[in-house]
>>> print(open('final39.txt').read())   # compact mmCIF, C-alpha atoms
# COMPACT_ATOMS: atom_id res chain seq x y z
CA PRO A 1 6.15 295.48 29.46
CA TYR A 2 3.66 296.93 31.93
CA THR A 3 0.37 295.34 32.97
CA THR A 4 -2.80 297.29 33.76
CA LEU A 5 -6.18 296.04 34.95
CA PHE A 6 -9.10 297.17 32.77
CA ARG A 7 -11.48 296.90 35.72
CA SER A 8 -14.75 297.53 33.88
CA ARG A 9 -14.02 294.51 31.66
CA GLY A 10 -12.18 292.42 34.25
CA GLU A 11 -9.28 291.85 31.87
CA TRP A 12 -5.58 292.60 32.07
CA ASN A 13 -3.96 294.79 29.45
CA LEU A 14 -0.26 294.26 28.73
CA PHE A 15 1.62 297.06 26.94
CA TYR A 16 4.98 296.29 25.36
CA VAL A 17 7.32 297.71 22.72
CA ALA A 18 8.12 295.82 19.51
CA TYR A 19 11.12 296.91 17.40
CA ARG A 20 12.60 296.17 14.05
CA SER A 21 16.33 295.49 14.04
CA LYS A 22 19.22 295.26 11.57
CA PRO A 23 22.95 296.10 11.59
CA ASP A 24 23.89 299.71 12.23
CA THR A 25 25.21 301.94 9.50
CA PRO A 26 28.07 304.39 10.07
CA ALA A 27 25.53 307.22 10.34
CA SER A 28 22.55 305.62 12.13
CA SER A 29 21.64 303.14 14.86
CA TYR A 30 19.32 300.32 13.77
CA ALA A 31 19.67 297.94 16.73
CA ASN A 32 16.15 299.06 17.80
CA TYR A 33 14.17 301.13 15.32
CA ASP A 34 10.55 301.82 14.26
CA GLY A 35 9.33 300.83 17.74
CA GLU A 36 5.58 300.27 18.15
CA ILE A 37 3.55 300.00 21.37
CA VAL A 38 1.40 296.87 21.34
CA ARG A 39 -1.58 296.21 23.61
CA ALA A 40 -2.27 292.58 24.52
CA VAL A 41 -5.28 291.34 26.51
CA SER A 42 -5.51 288.47 29.01
CA LYS A 43 -7.62 285.52 27.89
CA ILE A 44 -8.62 284.86 31.51
CA LYS A 45 -10.49 287.54 33.46
CA GLY A 46 -9.97 288.48 37.08
CA LYS A 47 -6.91 287.97 39.28
CA ARG A 48 -6.03 284.63 37.68
CA GLY A 49 -5.59 286.34 34.34
CA PHE A 50 -2.57 288.38 35.39
CA GLY A 51 -0.19 285.56 34.49
CA GLY A 52 -1.68 285.14 31.03
CA PRO A 53 -1.96 283.86 28.44
CA TYR A 54 -2.28 287.12 26.50
CA VAL A 55 -3.33 287.75 22.92
CA ASN A 56 -2.33 290.81 20.89
CA ALA A 57 -5.22 293.24 20.47
CA ASP A 58 -3.84 296.25 18.60
CA VAL A 59 -0.96 298.68 18.08
CA ILE A 60 -1.74 301.84 20.06
CA LEU A 61 1.26 304.01 19.04
CA SER A 62 3.67 303.76 16.15
CA PRO A 63 5.85 305.96 13.92
CA GLU A 64 3.47 307.66 11.52
CA GLU A 65 2.81 310.89 9.67
CA ASN A 66 1.29 312.31 12.89
CA SER A 67 4.41 311.63 14.97
CA ASP A 68 5.78 314.67 16.75
CA PRO A 69 8.85 316.38 15.22
CA TRP A 70 11.05 315.45 18.22
CA GLU A 71 10.47 311.72 17.64
CA GLY A 72 13.09 309.83 15.68
CA LEU A 73 14.11 306.59 14.00
CA GLN A 74 13.80 304.67 17.26
CA GLY A 75 10.03 305.03 17.09
CA THR A 76 8.25 304.63 20.42
CA ASP A 77 10.54 303.07 23.01
CA SER A 78 8.35 302.65 26.11
CA PHE A 79 4.82 303.18 27.42
CA PHE A 80 3.23 303.63 30.84
CA ALA A 81 -0.50 304.31 31.30
CA TYR A 82 -2.13 306.01 34.31
CA LYS A 83 -5.43 307.74 35.15
CA ALA A 84 -5.52 311.54 35.48
CA GLY A 85 -8.36 314.03 35.23
CA GLY A 86 -10.96 311.46 34.23
CA ARG A 87 -8.99 310.11 31.29
CA TRP A 88 -6.03 307.85 30.61
CA MET A 89 -2.61 309.39 30.10
CA GLY A 90 0.48 307.58 28.92
CA PHE A 91 4.18 308.46 28.74
CA TYR A 92 5.96 307.17 25.64
CA GLY A 93 9.57 307.70 24.57
CA SER A 94 11.65 308.18 21.44
CA ALA A 95 15.18 309.04 20.29
CA ARG A 96 16.74 310.55 17.18
CA SER A 97 18.76 307.42 16.52
CA GLU A 98 19.08 308.23 12.83
CA VAL A 99 22.08 310.36 13.78
CA LYS A 100 25.25 309.23 15.61
CA PRO A 101 25.99 310.09 18.28
CA ILE A 102 22.36 310.12 19.44
CA THR A 103 21.64 313.61 20.75
CA TYR A 104 18.76 312.85 23.13
CA TRP A 105 16.27 310.34 24.50
CA LYS A 106 13.00 312.08 25.46
CA VAL A 107 9.41 311.29 26.45
CA GLY A 108 6.01 312.70 25.55
CA LEU A 109 2.39 312.24 26.57
CA ALA A 110 -0.49 310.53 24.83
CA ALA A 111 -4.11 310.47 26.00
CA ALA A 112 -7.22 308.32 25.57
CA SER A 113 -10.73 308.27 27.03
CA SER A 114 -10.48 304.50 27.45
CA LEU A 115 -7.57 302.17 28.11
CA ASP A 116 -8.12 300.47 24.76
CA GLY A 117 -7.86 303.78 22.92
CA PRO A 118 -7.72 305.37 20.55
CA TRP A 119 -4.52 306.90 21.93
CA ARG A 120 -3.48 310.28 20.55
CA ARG A 121 -0.30 312.26 21.12
CA CYS A 122 -0.58 315.41 23.25
CA SER A 123 1.62 317.29 20.80
CA SER A 124 1.23 320.69 22.48
CA LEU A 125 2.78 319.25 25.67
CA ASN A 126 5.56 317.27 24.00
CA PRO A 127 8.37 316.59 24.52
CA SER A 128 8.02 316.60 28.30
CA PRO A 129 9.95 319.35 30.15
CA ILE A 130 10.98 316.85 32.84
CA ALA A 131 14.33 316.19 31.12
CA THR A 132 15.96 317.78 28.09
CA HIS A 133 18.65 315.18 27.29
CA PHE A 134 17.96 311.70 28.68
CA MET A 135 14.76 310.21 30.10
CA GLU A 136 13.41 306.70 29.57
CA ASN A 137 10.85 304.31 31.06
CA PRO A 138 9.02 306.54 33.57
CA VAL A 139 6.68 304.80 36.04
CA ILE A 140 3.91 306.90 37.56
CA SER A 141 2.23 306.71 40.97
CA ARG A 142 -0.64 308.70 42.46
CA ILE A 143 0.49 309.96 45.88
CA GLY A 144 -2.13 311.91 47.77
CA SER A 145 -3.56 314.45 45.35
CA SER A 146 -0.42 314.57 43.19
CA TYR A 147 1.56 312.34 40.84
CA LEU A 148 5.14 311.13 41.07
CA ALA A 149 7.23 309.91 38.12
CA ILE A 150 10.46 307.94 38.59
CA TYR A 151 12.53 307.36 35.47
CA ASP A 152 15.86 306.24 34.02
CA VAL A 153 18.52 308.99 33.67
CA ASP A 154 21.33 306.60 32.59
CA VAL A 155 24.02 308.56 30.73
CA ASP A 156 23.36 311.82 32.63
CA ALA A 157 23.65 310.33 36.13
CA PRO A 158 24.78 306.67 36.06
CA ASN A 159 24.32 306.18 39.82
CA ALA A 160 20.88 307.80 40.15
CA TYR A 161 17.25 307.64 39.11
CA GLY A 162 15.26 310.72 38.15
CA TYR A 163 11.95 311.86 39.61
CA SER A 164 9.39 314.58 38.95
CA GLU A 165 6.09 315.79 40.40
CA SER A 166 2.82 316.86 38.81
CA GLN A 167 -0.26 318.24 40.52
CA ASP A 168 -2.62 317.02 37.79
CA GLY A 169 -0.73 314.27 35.92
CA VAL A 170 -0.48 316.46 32.82
CA TYR A 171 1.92 319.32 33.58
CA TRP A 172 5.20 318.13 35.08
CA ARG A 173 8.03 319.89 36.89
CA PRO A 174 11.66 319.65 35.75
CA GLY A 175 13.16 316.48 37.14
CA GLU A 176 15.47 315.95 40.09
CA ARG A 177 17.73 313.01 40.95
CA LEU A 178 17.64 310.37 43.64
CA GLN A 179 21.10 308.96 44.34
CA ALA A 180 20.82 305.18 44.40
CA PHE A 181 24.42 303.93 44.45
CA SER A 182 27.80 305.24 45.56
CA GLU A 183 29.78 302.43 43.92
CA PRO A 184 31.37 303.56 40.63
CA ASN A 185 30.92 300.12 39.03
CA ILE A 186 27.10 300.19 39.24
CA THR A 187 24.98 301.80 36.52
CA THR A 188 21.27 302.40 37.07
CA ARG A 189 18.82 301.34 34.41
CA THR A 190 15.08 300.65 34.17
CA PRO A 191 12.53 301.62 36.85
CA LEU A 192 9.83 298.96 37.11
CA ALA A 193 7.38 299.83 39.89
CA LEU A 194 6.67 302.18 42.79
CA ILE A 195 4.17 300.65 45.24
CA ASP A 196 2.77 302.09 48.49
CA ASP A 197 3.59 299.66 51.31
CA GLY A 198 0.76 301.02 53.48
CA HIS A 199 3.16 302.22 56.18
CA GLY A 200 4.25 305.61 54.84
CA ARG A 201 6.98 304.26 52.57
CA TYR A 202 7.15 302.87 49.04
CA ASP A 203 8.63 299.77 47.44
CA PHE A 204 10.60 300.80 44.37
CA PHE A 205 11.82 298.07 42.02
CA ALA A 206 14.44 298.83 39.37
CA THR A 207 17.28 297.26 37.44
CA ALA A 208 20.97 298.12 37.50
CA PHE A 209 24.17 296.82 35.94
CA LEU A 210 27.29 295.75 37.82
CA HIS A 211 30.46 296.23 35.76
CA ARG A 212 33.29 293.74 36.29
CA LYS A 213 36.63 292.80 34.79
CA ASP A 214 37.95 289.26 34.47
CA ASN A 215 41.55 288.13 35.02
CA GLN A 216 42.46 289.28 31.50
CA GLY A 217 41.00 292.74 32.10
CA LYS A 218 38.00 292.19 29.82
CA GLU A 219 34.99 294.11 31.06
CA SER A 220 31.51 292.61 31.31
CA PHE A 221 28.30 293.78 32.93
CA HIS A 222 25.60 291.82 34.73
CA GLY A 223 21.95 292.77 35.24
CA TYR A 224 20.39 292.74 38.70
CA LEU A 225 16.96 293.53 40.10
CA PHE A 226 17.06 295.88 43.10
CA HIS A 227 14.42 296.62 45.71
CA PHE A 228 14.51 300.07 47.35
CA LYS A 229 12.51 301.34 50.30
CA VAL A 230 11.72 304.93 49.33
CA LYS A 231 10.49 307.68 51.63
CA VAL A 232 8.68 310.54 49.93
CA GLN A 233 8.81 313.65 52.10
CA SER A 234 6.43 316.54 51.54
CA ASN A 235 7.09 320.25 51.81
CA ASN A 236 4.13 320.94 54.05
CA HIS A 237 2.20 317.73 54.66
CA PRO A 238 3.54 314.44 55.99
CA GLN A 239 0.56 312.84 54.23
CA ARG A 240 2.61 312.76 51.00
CA SER A 241 0.83 315.47 48.99
CA ALA A 242 3.91 317.13 47.44
CA TYR A 243 7.56 316.33 46.92
CA ASN A 244 10.96 317.87 47.35
CA SER A 245 14.56 316.88 46.84
CA SER A 246 14.74 315.08 50.18
CA MET A 247 13.58 311.76 48.78
CA SER A 248 15.67 309.02 50.34
CA SER A 249 16.13 305.32 49.70
CA GLN A 250 17.48 302.16 51.28
CA ARG A 251 18.37 299.45 48.81
CA GLN A 252 18.31 295.70 48.86
CA LEU A 253 19.50 293.35 46.13
CA ILE A 254 16.89 290.74 45.24
CA GLY A 255 16.62 287.99 42.69
CA ALA A 256 19.35 286.13 40.86
CA GLU A 257 22.05 287.44 38.59
CA LEU A 258 21.02 287.44 34.95
CA ASN A 259 24.47 287.50 33.36
CA SER A 260 22.88 289.68 30.72
CA SER A 261 24.42 292.17 28.32
CA ALA A 262 21.03 293.69 27.53
CA ASP A 263 18.52 295.78 29.46
CA MET A 264 16.49 293.68 31.86
CA SER A 265 12.76 294.20 31.39
CA VAL A 266 11.16 292.05 34.10
CA ASN A 267 8.11 293.69 35.67
CA PRO A 268 7.37 292.57 39.26
CA GLY A 269 3.73 293.55 38.79
CA TYR A 270 2.88 297.23 38.99
CA LEU A 271 -0.90 297.34 39.02
CA VAL A 272 -3.17 300.19 37.93
CA SER A 273 -6.95 299.98 37.85
CA ASP A 274 -9.49 302.08 36.08
>>> encode(input="final39.txt", output="structure tokens")
Amino acid sequence: PYTTLFRSRGEWNLFYVAYRSKPDTPASSYANYDGEIVRAVSKIKGKRGFGGPYVNADVILSPEENSDPWEGLQGTDSFFAYKAGGRWMGFYGSARSEVKPITYWKVGLAAASSLDGPWRRCSSLNPSPIATHFMENPVISRIGSSYLAIYDVDVDAPNAYGYSESQDGVYWRPGERLQAFSEPNITTRTPLALIDDGHGRYDFFATAFLHRKDNQGKESFHGYLFHFKVKVQSNNHPQRSAYNSSMSSQRQLIGAELNSSADMSVNPGYLVSD
């Protein structure tokens, strides 16, 4: 889930994905299918409302007859809203999980004039050219006059996160990779937030799995929350107006071990205002 402040109304909007689930078939994956993006609204306005309680308001995206052809059985698997060009934009994801093995996990853009919608797919721009095989859960930050997306590359680069730049928040460059770990037993997963620390660097929060074997050789994996200090270097301006492949990071493990076999989806509080 991601939380966004609807400043003109003083209320917090929480976006999350809701799936159906049933046992897989030999041909298709049904562990998460027909995903819908739900918008919930805080009952308390102002800063105190961030922690809830929230009430469901509406479904903003779902599998439907107007879904793009690249979308699949998974439905919509994530959502992140941000302001660009005087309107709201949002990245959402999908996968063709009706076929095994799954051939890709991609993202596309939707747009709305207001945070509460209606949200419509930007079909002429979709799927995003940032990644052609695997991209999930992008988080977007405005840096100077440009936009930076950091996202999950998982199966394509298990020790890295992906990133891409856009000058207007609509048209995005092909992605590059930021190496996060050198250890072969660590697998990167979900980006959660990229926050300007006010001192020329950024706090990047993301999850990763540590793979271990017990005394009998049985493998298990454990979810952790990591904090990275990220430096975004520009091609021409130290003021962070453009990006190149010289992004660097310094990591720190924070939080407690989850002992989880599923993707960790804890958001430390990435805030966007309208």
>>> closest_atom_pairs(input="final39.txt", of="region 163-231 of chain A", to="region 92-111 of chain A", cutoff="12 Å", atoms="only C-alpha atoms", output="JSON lines")
{"residue": "A:Gly169", "atom": "CA", "partner": "A:Leu109", "partner_atom": "CA", "distance": 10.1}
{"residue": "A:Val170", "atom": "CA", "partner": "A:Leu109", "partner_atom": "CA", "distance": 8.1}
{"residue": "A:Tyr171", "atom": "CA", "partner": "A:Leu109", "partner_atom": "CA", "distance": 10.0}
{"residue": "A:Trp172", "atom": "CA", "partner": "A:Leu109", "partner_atom": "CA", "distance": 10.7}
>>> closest_residue(input="final39.txt", among="A:Leu194, A:Leu14, A:Ala27, A:Ile130", to="Phe79 (chain A)", atoms="all atoms listed in the file")
A:Leu14
>>> closest_residue(input="final39.txt", among="A:Ala206, A:Met135, A:Ser141, A:Gly35", to="Glu176 (chain A)", atoms="all atoms listed in the file")
A:Met135
>>> closest_residue(input="final39.txt", among="A:Ala18, A:Leu115, A:Ala40, A:Ile140", to="Pro53 (chain A)", atoms="all atoms listed in the file")
A:Ala40
>>> atom_distance(input="final39.txt", atom1="CA of Ala149 (chain A)", atom2="CA of Gly162 (chain A)")
8.1 Å
>>> residues_around(input="final39.txt", residues="Ile150 (chain A)", least_positions_apart="6", cutoff="8 Å", atoms="only C-alpha atoms", output="list in words")
Pro138, Val139, Ile140, Tyr161, Gly162, Tyr163, Ser164 and Pro191 of chain A
>>> axis_aligned_box(input="final39.txt", around="region 184-198 of chain A", padding_each_side="5 Å", output="JSON")
{"center_x": 16.1, "center_y": 301.3, "center_z": 43.8, "size_x": 40.6, "size_y": 14.6, "size_z": 29.3}
>>> residues_near_point(input="final39.txt", point="(-9.0, 289.9, 31.8)", cutoff="6 Å", atoms="all atoms listed in the file", output="count of residues only")
8
>>> residues_around(input="final39.txt", residues="Ser220 (chain A)", least_positions_apart="6", cutoff="8 Å", atoms="all atoms listed in the file", output="list in words")
His211, Arg212, Lys213, Asp214 and Ser261 of chain A
>>> atom_distance(input="final39.txt", atom1="CA of Asp152 (chain A)", atom2="CA of Thr25 (chain A)")
26.6 Å
>>> atom_distance(input="final39.txt", atom1="CA of Phe80 (chain A)", atom2="CA of Pro23 (chain A)")
28.6 Å
>>> closest_residue(input="final39.txt", among="A:Pro158, A:Pro1, A:Gly217, A:Gly117", to="Asp77 (chain A)", atoms="only C-alpha atoms")
A:Pro1
>>> residues_around(input="final39.txt", residues="Arg189 (chain A)", least_positions_apart="3", cutoff="10 Å", atoms="all atoms listed in the file", output="compact mmCIF listing (two decimals) with C-alpha atoms, in the coordinates of the input")
# COMPACT_ATOMS: atom_id res chain seq x y z
CA GLU A 136 13.41 306.70 29.57
CA ASN A 137 10.85 304.31 31.06
CA TYR A 151 12.53 307.36 35.47
CA ASP A 152 15.86 306.24 34.02
CA VAL A 153 18.52 308.99 33.67
CA ASP A 154 21.33 306.60 32.59
CA VAL A 155 24.02 308.56 30.73
CA PRO A 158 24.78 306.67 36.06
CA ASN A 159 24.32 306.18 39.82
CA ALA A 160 20.88 307.80 40.15
CA TYR A 161 17.25 307.64 39.11
CA ILE A 186 27.10 300.19 39.24
CA LEU A 192 9.83 298.96 37.11
CA ALA A 206 14.44 298.83 39.37
CA THR A 207 17.28 297.26 37.44
CA ALA A 208 20.97 298.12 37.50
CA PHE A 209 24.17 296.82 35.94
CA GLY A 223 21.95 292.77 35.24
CA TYR A 224 20.39 292.74 38.70
CA LEU A 225 16.96 293.53 40.10
CA ASP A 263 18.52 295.78 29.46
CA MET A 264 16.49 293.68 31.86
CA SER A 265 12.76 294.20 31.39
>>> closest_residue(input="final39.txt", among="A:Ser123, A:Gln167, A:Thr187, A:Ser78", to="Tyr2 (chain A)", atoms="all atoms listed in the file")
A:Ser78
>>> decode(input="final39.txt", residues="region 209-224 of chain A", atoms="N, CA and C atoms", output="mmCIF file, in the first residue's frame")
data_model
loop_
_atom_site.group_PDB
_atom_site.id
_atom_site.type_symbol
_atom_site.label_atom_id
_atom_site.label_comp_id
_atom_site.auth_asym_id
_atom_site.auth_seq_id
_atom_site.Cartn_x
_atom_site.Cartn_y
_atom_site.Cartn_z
ATOM 1 N N PHE A 209 15.270 -10.326 0.491
ATOM 2 C CA PHE A 209 15.234 -11.634 1.124
ATOM 3 C C PHE A 209 16.655 -12.163 1.344
ATOM 4 N N LEU A 210 16.871 -12.753 2.513
ATOM 5 C CA LEU A 210 18.099 -13.473 2.798
ATOM 6 C C LEU A 210 17.798 -14.959 2.741
ATOM 7 N N HIS A 211 18.517 -15.678 1.891
ATOM 8 C CA HIS A 211 18.312 -17.112 1.718
ATOM 9 C C HIS A 211 19.272 -17.872 2.639
ATOM 10 N N ARG A 212 18.742 -18.861 3.357
ATOM 11 C CA ARG A 212 19.553 -19.643 4.285
ATOM 12 C C ARG A 212 19.210 -21.117 4.164
ATOM 13 N N LYS A 213 20.147 -21.950 4.641
ATOM 14 C CA LYS A 213 19.900 -23.383 4.720
ATOM 15 C C LYS A 213 20.101 -23.836 6.162
ATOM 16 N N ASP A 214 19.207 -24.722 6.612
ATOM 17 C CA ASP A 214 19.345 -25.241 7.972
ATOM 18 C C ASP A 214 20.312 -26.427 7.978
ATOM 19 N N ASN A 215 20.440 -27.082 9.125
ATOM 20 C CA ASN A 215 21.399 -28.187 9.270
ATOM 21 C C ASN A 215 21.083 -29.361 8.350
ATOM 22 N N GLN A 216 19.821 -29.486 7.946
ATOM 23 C CA GLN A 216 19.425 -30.561 7.040
ATOM 24 C C GLN A 216 19.514 -30.148 5.569
ATOM 25 N N GLY A 217 19.960 -28.917 5.323
ATOM 26 C CA GLY A 217 20.099 -28.452 3.947
ATOM 27 C C GLY A 217 18.822 -27.887 3.360
ATOM 28 N N LYS A 218 17.771 -27.746 4.174
ATOM 29 C CA LYS A 218 16.526 -27.188 3.679
ATOM 30 C C LYS A 218 16.646 -25.666 3.597
ATOM 31 N N GLU A 219 16.278 -25.126 2.445
ATOM 32 C CA GLU A 219 16.428 -23.694 2.231
ATOM 33 C C GLU A 219 15.184 -22.941 2.693
ATOM 34 N N SER A 220 15.397 -21.789 3.300
ATOM 35 C CA SER A 220 14.321 -20.883 3.673
ATOM 36 C C SER A 220 14.762 -19.462 3.357
ATOM 37 N N PHE A 221 13.826 -18.545 3.281
ATOM 38 C CA PHE A 221 14.208 -17.159 3.061
ATOM 39 C C PHE A 221 13.446 -16.261 4.018
ATOM 40 N N HIS A 222 14.086 -15.149 4.397
ATOM 41 C CA HIS A 222 13.615 -14.285 5.469
ATOM 42 C C HIS A 222 13.604 -12.842 4.977
ATOM 43 N N GLY A 223 12.476 -12.159 5.171
ATOM 44 C CA GLY A 223 12.326 -10.793 4.685
ATOM 45 C C GLY A 223 12.912 -9.772 5.632
ATOM 46 N N TYR A 224 13.650 -8.807 5.075
ATOM 47 C CA TYR A 224 14.223 -7.708 5.834
ATOM 48 C C TYR A 224 13.865 -6.382 5.189
#
